[in-house]
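Student: The structure that follows is given in the form of structure tokens.
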Amino acid sequence: MAQITATSLPSFSSSSPLAFRLPHNGTLRCQNVACPRTPSLAQELSARRSQLTCNVVVSNHVTISRNYKNQAIRAALSSDGNAVVATDSKGAGLRGKLKKVVLAYSGGLDTSVIVPWLKENYGCEVVCFTADVGQGIKELEGLEQKAKASGASQLVVKDLTEEFVKDYIFPCLRAGAIYERKYLLGTSMARPVIAKAMVDVAAEVGADAVAHGCTGKGNDQVRFELTFFSLNPELKVVAPWREWEIQGREDAIEYAKKHNVPVPVTKKSIYSRDRNLWHLSHEGDILEDPANEPKKDMYMMSVDPEDAPNEPEYIEIGIESGIPVSLNGKTLSPATLLSELNTRGGKHGIGRIDMVENRLVGMKSRGVYETPGGTVLFAACQELESLTLDRETIQVKDSLALKYAEMVYAGRWFDPLRESMDAFMEKITEKTTGSVRLKLYKGSVTVTARQSPFSLYRQDISSFEGSEIYNQADAAGFIRLYGLPMRVRAMLEKGI
């Protein structure tokens, strides 16, 4: 380990020399130095700089910064009067050195501030990435200008809507995955497709790190990072909300002003929302008290059921091997089909869920979700399974669906266990083909008809009329055998 030593300075502790240790990792640390905070400290350090073995320049802000053999040296006084000196490789930031970082970027205040923060703290180039997962064109307008104004070198936008629906939403739909009886996993499914695209972009632009704007109290940080770990474990991950001193919106605005970052002038929503083609979630404000009823004007994808049309609408969903493929006989792409059902379902006030859920990080949270098209599709797919799956298969499928939903909620999309369960779901629903007719009316979805060429329902067997296949007299023997354990227990209790 190399060591650089400077002569002792009268203005410092007379018994402590100024010693710099230069380890292999490029970090230079100052040891055994006590620096009293005095008005003349900067001048005294400047006057004595010729006595140092390395080249140091003193600023008027009691911060020392200069290069020593292509390495950046910084010294600053802490609140207790001690001097701390550190160095990193050329161009490094306050927290280390990264070459290029791909940032999940929305254009809002938080991610706009993260751009200069990354450059300042990691001395890196920042490439902003935005995924179009059906959140709406308004959220994508002007993003490139915002990103570059914040200091990013470029903005990469990818349309992931079809991939999102086909490869993430529909497998969950086929599996019947619902978290804690209500939540249709809208945000949970979107995070892995976005994170996967970020890994791809990182490879394309030669980035050595990725970053996100998720807070340290939510589920999304886990979902993003587990995907990063699964797809490229060599990528470094930066999560500013777990590192920086910014505590809220006002702090972020102040930081933005200091770094000449344009502050978004849009009206700040009182709710925290996440939108994609599958759903829209609402959290925060009055929703933080589970006793409060959501305000009527909060909803954006669906009308109030009380205000929905007074006439019902009938639709027919076509399904092939557990996957929706058509609406009213017309074959549509996955994203187009879902978008159309969002419009129709929202018109009739369908798909509103108000729930208190258990977050992965341990706390409970209250959220309100709008999933109009998804609610319609779940009703159709589950109903068709009533024709094509037998009792034991449905029971096993439903039990696995709980675990499947839990894994998706927890961000374990690329876990081999989920992938194995998905293979089971694909196999078990290969004959779930047919159509389901539904009635949409004032917040409700009612099944009115279902049919399948692979239906296990036989009218000639189920009819109350006589049947050659089913002899009602056979039921007596079945009941005696099926109820034998219960009969034996009762005999024991009665001493028979």
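Residues in the structure tokens are numbered from 1 in each chain, the chains being A, B, ... in the order shown, and ligands are numbered from 1 in the order shown.
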Which residues are near range 210-227 of chain A? Cut-off 10 Å, only C-alpha atoms, ignore same chain within fewer than 4 positions. Put them as a PyMOL selection string.
Tutor: chain A and resi 100-106+110-115+118+126-129+187-196+198-199+201-202+231-233+235-243+359-363+365+408-415
Student: Give me the residues near Ile394 in chain A as an MDAnalysis selection string, where near means some atom within 10 Å (using only C-alpha atoms) and where sequence neighbours in that chain fewer than 6 positions away do not count.
Tutor: chainID A and resid 382 385:386 388 400 428
Student: Dump as a Markdown table the rows for residues of range 117-219 of chain A within 10 Å of range 330-349 of chain A: closest atom pair and distance in Å with one decimal, only C-alpha atoms counted, ordered by chain and rising residue number.
Tutor:
```
| residue | atom | partner | partner_atom | distance |
| --- | --- | --- | --- | --- |
| A:Val133 | CA | A:Ala335 | CA | 9.6 |
| A:Gly134 | CA | A:Ala335 | CA | 8.6 |
| A:Leu160 | CA | A:Ala335 | CA | 9.8 |
| A:Thr161 | CA | A:Ala335 | CA | 6.3 |
| A:Glu162 | CA | A:Ala335 | CA | 5.2 |
| A:Glu163 | CA | A:Ala335 | CA | 8.5 |
| A:Phe164 | CA | A:Ala335 | CA | 8.2 |
| A:Val165 | CA | A:Ala335 | CA | 5.9 |
| A:Lys166 | CA | A:Pro334 | CA | 5.9 |
| A:Asp167 | CA | A:Pro334 | CA | 9.7 |
| A:Ile169 | CA | A:Pro334 | CA | 9.3 |
| A:Phe170 | CA | A:Pro334 | CA | 8.3 |
```
Student: Suppose we keep N, CA and C atoms; can you now write the selection as a CSV table (one decimal), in the first residue's frame?
Tutor:
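Contents of the output file again33.csv:
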```csv
chain,number,residue,atom,x,y,z
A,133,VAL,N,-45.5,1.2,-21.7
A,133,VAL,CA,-46.3,0.0,-21.3
A,133,VAL,C,-47.8,0.3,-21.3
A,134,GLY,N,-48.1,1.3,-22.1
A,134,GLY,CA,-49.5,1.7,-22.3
A,134,GLY,C,-50.0,2.7,-21.3
A,160,LEU,N,-43.1,-1.3,-25.4
A,160,LEU,CA,-43.2,-2.6,-24.8
A,160,LEU,C,-44.6,-3.2,-24.7
A,161,THR,N,-45.6,-2.4,-25.2
A,161,THR,CA,-47.0,-2.8,-24.9
A,161,THR,C,-47.4,-4.2,-25.4
A,162,GLU,N,-47.1,-4.6,-26.6
A,162,GLU,CA,-47.4,-5.9,-27.0
A,162,GLU,C,-46.7,-7.0,-26.2
A,163,GLU,N,-45.4,-6.8,-26.0
A,163,GLU,CA,-44.6,-7.7,-25.2
A,163,GLU,C,-45.2,-7.8,-23.8
A,164,PHE,N,-45.5,-6.7,-23.2
A,164,PHE,CA,-46.1,-6.6,-21.9
A,164,PHE,C,-47.3,-7.5,-21.7
A,165,VAL,N,-48.2,-7.3,-22.7
A,165,VAL,CA,-49.5,-8.0,-22.6
A,165,VAL,C,-49.3,-9.5,-23.0
A,166,LYS,N,-48.6,-9.8,-24.0
A,166,LYS,CA,-48.4,-11.2,-24.5
A,166,LYS,C,-47.6,-12.0,-23.6
A,167,ASP,N,-46.5,-11.5,-23.1
A,167,ASP,CA,-45.5,-12.3,-22.4
A,167,ASP,C,-45.6,-12.2,-20.8
A,169,ILE,N,-48.7,-10.3,-19.0
A,169,ILE,CA,-50.1,-10.2,-18.5
A,169,ILE,C,-50.8,-11.5,-18.8
A,170,PHE,N,-50.8,-12.0,-20.1
A,170,PHE,CA,-51.5,-13.2,-20.4
A,170,PHE,C,-51.1,-14.4,-19.7
```
Student: Of the candidates A:Val156, A:Leu185, A:Ala197, A:Leu94, which shows the shortest atom-to-atom distance to Tyr404 in chain A, using only C-alpha atoms?
Tutor: A:Leu185
Student: Would you please work out which residue, of A:Phe229, A:Trp278, A:Trp117, A:Tyr168, is nearest to Leu377 in chain A when using only C-alpha atoms?
Tutor: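 Answer, going by the shortest atom-to-atom distance: A:Trp278.
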Student: Would you pick out the contacts of range 390-392 of chain A at 12 Å or less, using only C-alpha atoms, so that residues sharing its chain but fewer than 5 positions from it are not included, and give the list as a compact mmCIF listing (two decimals) with C-alpha atoms, in the first residue's frame?
Tutor:
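In the end it all went to around_24.txt:
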```txt
# COMPACT_ATOMS: atom_id res chain seq x y z
CA LEU A 384 -64.29 -21.36 -19.71
CA GLU A 385 -62.12 -23.48 -17.41
CA LYS A 397 -54.35 -25.09 -10.52
CA ASP A 398 -56.03 -22.77 -8.01
CA SER A 399 -53.59 -23.74 -5.26
CA ILE A 428 -53.01 -27.81 -18.20
CA THR A 429 -54.90 -25.19 -20.23
CA LYS A 431 -57.63 -27.59 -24.20
CA THR A 432 -59.16 -24.43 -22.68
CA PHE A 454 -63.28 -29.65 -25.53
CA SER A 455 -66.05 -29.28 -22.98
CA LEU A 456 -66.23 -32.03 -20.33
CA TYR A 457 -69.87 -31.16 -19.75
```
Student: With distances taken over only C-alpha atoms, which of A:Tyr369, A:Tyr179, A:Tyr299, A:Phe378 is nearest to Lys403 in chain A?
Tutor: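 Checking each of A:Tyr369, A:Tyr179, A:Tyr299, A:Phe378 against Lys403 in chain A, counting only C-alpha atoms, the winner is A:Tyr179.
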Student: From the options A:Gly322, A:Gly136, A:Gln154, A:Asn292, which residue's atoms come nearest to Asn276 in chain A, counting only C-alpha atoms?
Tutor: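 Answer, going by the shortest atom-to-atom distance: A:Gly136.
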Student: Point out the residue among A:Lys99, A:Lys182, A:Arg174, A:Lys439 with the least atom-to-atom distance to Met355 in chain A, counting only C-alpha atoms.
Tutor: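 Of A:Lys99, A:Lys182, A:Arg174, A:Lys439, the one nearest Met355 in chain A, counting only C-alpha atoms, is A:Lys182.
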Student: Of the residues A:Gly142, A:Pro294, A:Gly443, A:Gly96, which is the one nearest to Pro309 in chain A, using only C-alpha atoms?
Tutor: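 Once distances to Pro309 in chain A are computed over only C-alpha atoms, the minimum belongs to A:Gly443.
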Student: DSSP on the backbone, then: every residue of range 386-494 of chain A marked strand (DSSP E or B), written as a list in words.
Tutor: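 Taking range 386-494 of chain A and keeping strand (DSSP E or B) only, one gets Gly434, Ser435, Val436, Arg437, Leu438, Lys439, Leu440, Tyr441, Ser444, Val445, Thr446, Val447, Thr448, Ala449, Arg450 and Gln451 of chain A.
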Student: Kindly export the residues of the current selection with all heavy atoms, as a CSV table (one decimal), in the first residue's frame.
Tutor:
```
chain,number,residue,atom,x,y,z
A,434,GLY,N,-62.4,-21.9,-26.6
A,434,GLY,CA,-63.8,-21.7,-26.8
A,434,GLY,C,-64.2,-20.3,-26.7
A,434,GLY,O,-63.3,-19.4,-27.0
A,435,SER,N,-65.4,-20.0,-26.3
A,435,SER,CA,-65.8,-18.6,-26.2
A,435,SER,C,-66.7,-18.4,-25.0
A,435,SER,O,-67.4,-19.4,-24.5
A,435,SER,CB,-66.6,-18.1,-27.4
A,435,SER,OG,-67.7,-18.9,-27.6
A,436,VAL,N,-66.8,-17.2,-24.5
A,436,VAL,CA,-67.6,-16.9,-23.3
A,436,VAL,C,-68.4,-15.6,-23.6
A,436,VAL,O,-67.8,-14.6,-24.1
A,436,VAL,CB,-66.8,-16.7,-22.0
A,436,VAL,CG1,-67.6,-16.3,-20.8
A,436,VAL,CG2,-66.0,-18.0,-21.7
A,437,ARG,N,-69.7,-15.6,-23.3
A,437,ARG,CA,-70.5,-14.4,-23.5
A,437,ARG,C,-70.7,-13.7,-22.2
A,437,ARG,O,-71.1,-14.4,-21.2
A,437,ARG,CB,-71.8,-14.8,-24.2
A,437,ARG,CG,-72.6,-13.6,-24.7
A,437,ARG,CD,-73.7,-14.0,-25.7
A,437,ARG,NE,-74.4,-12.9,-26.3
A,437,ARG,CZ,-75.6,-12.5,-26.0
A,437,ARG,NH1,-76.3,-13.2,-25.0
A,437,ARG,NH2,-76.2,-11.5,-26.6
A,438,LEU,N,-70.5,-12.4,-22.2
A,438,LEU,CA,-70.6,-11.7,-20.9
A,438,LEU,C,-71.6,-10.5,-21.0
A,438,LEU,O,-71.7,-9.9,-22.1
A,438,LEU,CB,-69.2,-11.2,-20.5
A,438,LEU,CG,-68.1,-12.2,-20.4
A,438,LEU,CD1,-66.7,-11.5,-20.4
A,438,LEU,CD2,-68.2,-13.0,-19.1
A,439,LYS,N,-72.2,-10.1,-19.9
A,439,LYS,CA,-73.0,-9.0,-19.8
A,439,LYS,C,-72.3,-7.9,-18.9
A,439,LYS,O,-72.0,-8.2,-17.8
A,439,LYS,CB,-74.4,-9.3,-19.3
A,439,LYS,CG,-75.3,-8.1,-19.2
A,439,LYS,CD,-76.7,-8.5,-18.8
A,439,LYS,CE,-76.9,-8.9,-17.4
A,439,LYS,NZ,-78.3,-9.1,-17.0
A,440,LEU,N,-72.1,-6.7,-19.4
A,440,LEU,CA,-71.5,-5.7,-18.7
A,440,LEU,C,-72.6,-4.7,-18.3
A,440,LEU,O,-73.3,-4.1,-19.1
A,440,LEU,CB,-70.4,-4.9,-19.6
A,440,LEU,CG,-69.4,-5.8,-20.3
A,440,LEU,CD1,-68.5,-4.9,-21.1
A,440,LEU,CD2,-68.7,-6.8,-19.4
A,441,TYR,N,-72.7,-4.5,-17.0
A,441,TYR,CA,-73.8,-3.6,-16.5
A,441,TYR,C,-73.5,-3.0,-15.1
A,441,TYR,O,-73.4,-3.8,-14.2
A,441,TYR,CB,-75.1,-4.4,-16.5
A,441,TYR,CG,-76.3,-3.6,-16.1
A,441,TYR,CD1,-76.7,-2.5,-16.9
A,441,TYR,CD2,-77.0,-3.8,-14.9
A,441,TYR,CE1,-77.9,-1.8,-16.5
A,441,TYR,CE2,-78.1,-3.1,-14.5
A,441,TYR,CZ,-78.5,-2.0,-15.3
A,441,TYR,OH,-79.6,-1.3,-15.0
A,444,SER,N,-70.8,-4.5,-12.9
A,444,SER,CA,-70.8,-6.0,-12.8
A,444,SER,C,-70.5,-6.7,-14.1
A,444,SER,O,-70.8,-6.1,-15.2
A,444,SER,CB,-72.1,-6.5,-12.3
A,444,SER,OG,-73.1,-6.3,-13.2
A,445,VAL,N,-69.8,-7.9,-14.0
A,445,VAL,CA,-69.6,-8.7,-15.2
A,445,VAL,C,-70.3,-10.0,-14.9
A,445,VAL,O,-70.0,-10.7,-14.0
A,445,VAL,CB,-68.1,-9.0,-15.4
A,445,VAL,CG1,-67.9,-9.8,-16.7
A,445,VAL,CG2,-67.3,-7.7,-15.5
A,446,THR,N,-71.3,-10.3,-15.8
A,446,THR,CA,-72.1,-11.5,-15.6
A,446,THR,C,-71.9,-12.5,-16.8
A,446,THR,O,-72.1,-12.0,-17.9
A,446,THR,CB,-73.6,-11.2,-15.4
A,446,THR,OG1,-73.7,-10.3,-14.4
A,446,THR,CG2,-74.4,-12.4,-15.1
A,447,VAL,N,-71.6,-13.7,-16.5
A,447,VAL,CA,-71.5,-14.7,-17.6
A,447,VAL,C,-72.9,-15.2,-18.0
A,447,VAL,O,-73.7,-15.6,-17.2
A,447,VAL,CB,-70.6,-15.9,-17.1
A,447,VAL,CG1,-70.6,-17.0,-18.2
A,447,VAL,CG2,-69.2,-15.5,-16.8
A,448,THR,N,-73.1,-15.1,-19.3
A,448,THR,CA,-74.4,-15.5,-19.8
A,448,THR,C,-74.4,-16.8,-20.6
A,448,THR,O,-75.4,-17.5,-20.8
A,448,THR,CB,-75.1,-14.4,-20.6
A,448,THR,OG1,-74.3,-14.1,-21.7
A,448,THR,CG2,-75.3,-13.2,-19.8
A,449,ALA,N,-73.2,-17.1,-21.2
A,449,ALA,CA,-73.0,-18.3,-22.0
A,449,ALA,C,-71.6,-18.7,-22.1
A,449,ALA,O,-70.7,-17.8,-22.0
A,449,ALA,CB,-73.6,-18.1,-23.4
A,450,ARG,N,-71.3,-20.0,-22.3
A,450,ARG,CA,-69.9,-20.5,-22.5
A,450,ARG,C,-70.0,-21.7,-23.3
A,450,ARG,O,-70.9,-22.5,-23.2
A,450,ARG,CB,-69.2,-20.7,-21.2
A,450,ARG,CG,-69.5,-21.9,-20.4
A,450,ARG,CD,-70.9,-21.9,-19.7
A,450,ARG,NE,-70.9,-21.0,-18.6
A,450,ARG,CZ,-72.0,-20.5,-18.0
A,450,ARG,NH1,-73.2,-20.8,-18.6
A,450,ARG,NH2,-72.0,-19.8,-17.0
A,451,GLN,N,-69.0,-21.9,-24.2
A,451,GLN,CA,-69.0,-23.1,-25.0
A,451,GLN,C,-67.5,-23.4,-25.4
A,451,GLN,O,-66.7,-22.6,-25.5
A,451,GLN,CB,-69.8,-22.9,-26.3
A,451,GLN,CG,-69.5,-21.8,-27.2
A,451,GLN,CD,-70.4,-21.6,-28.4
A,451,GLN,OE1,-71.3,-22.5,-28.6
A,451,GLN,NE2,-70.2,-20.5,-29.1
```
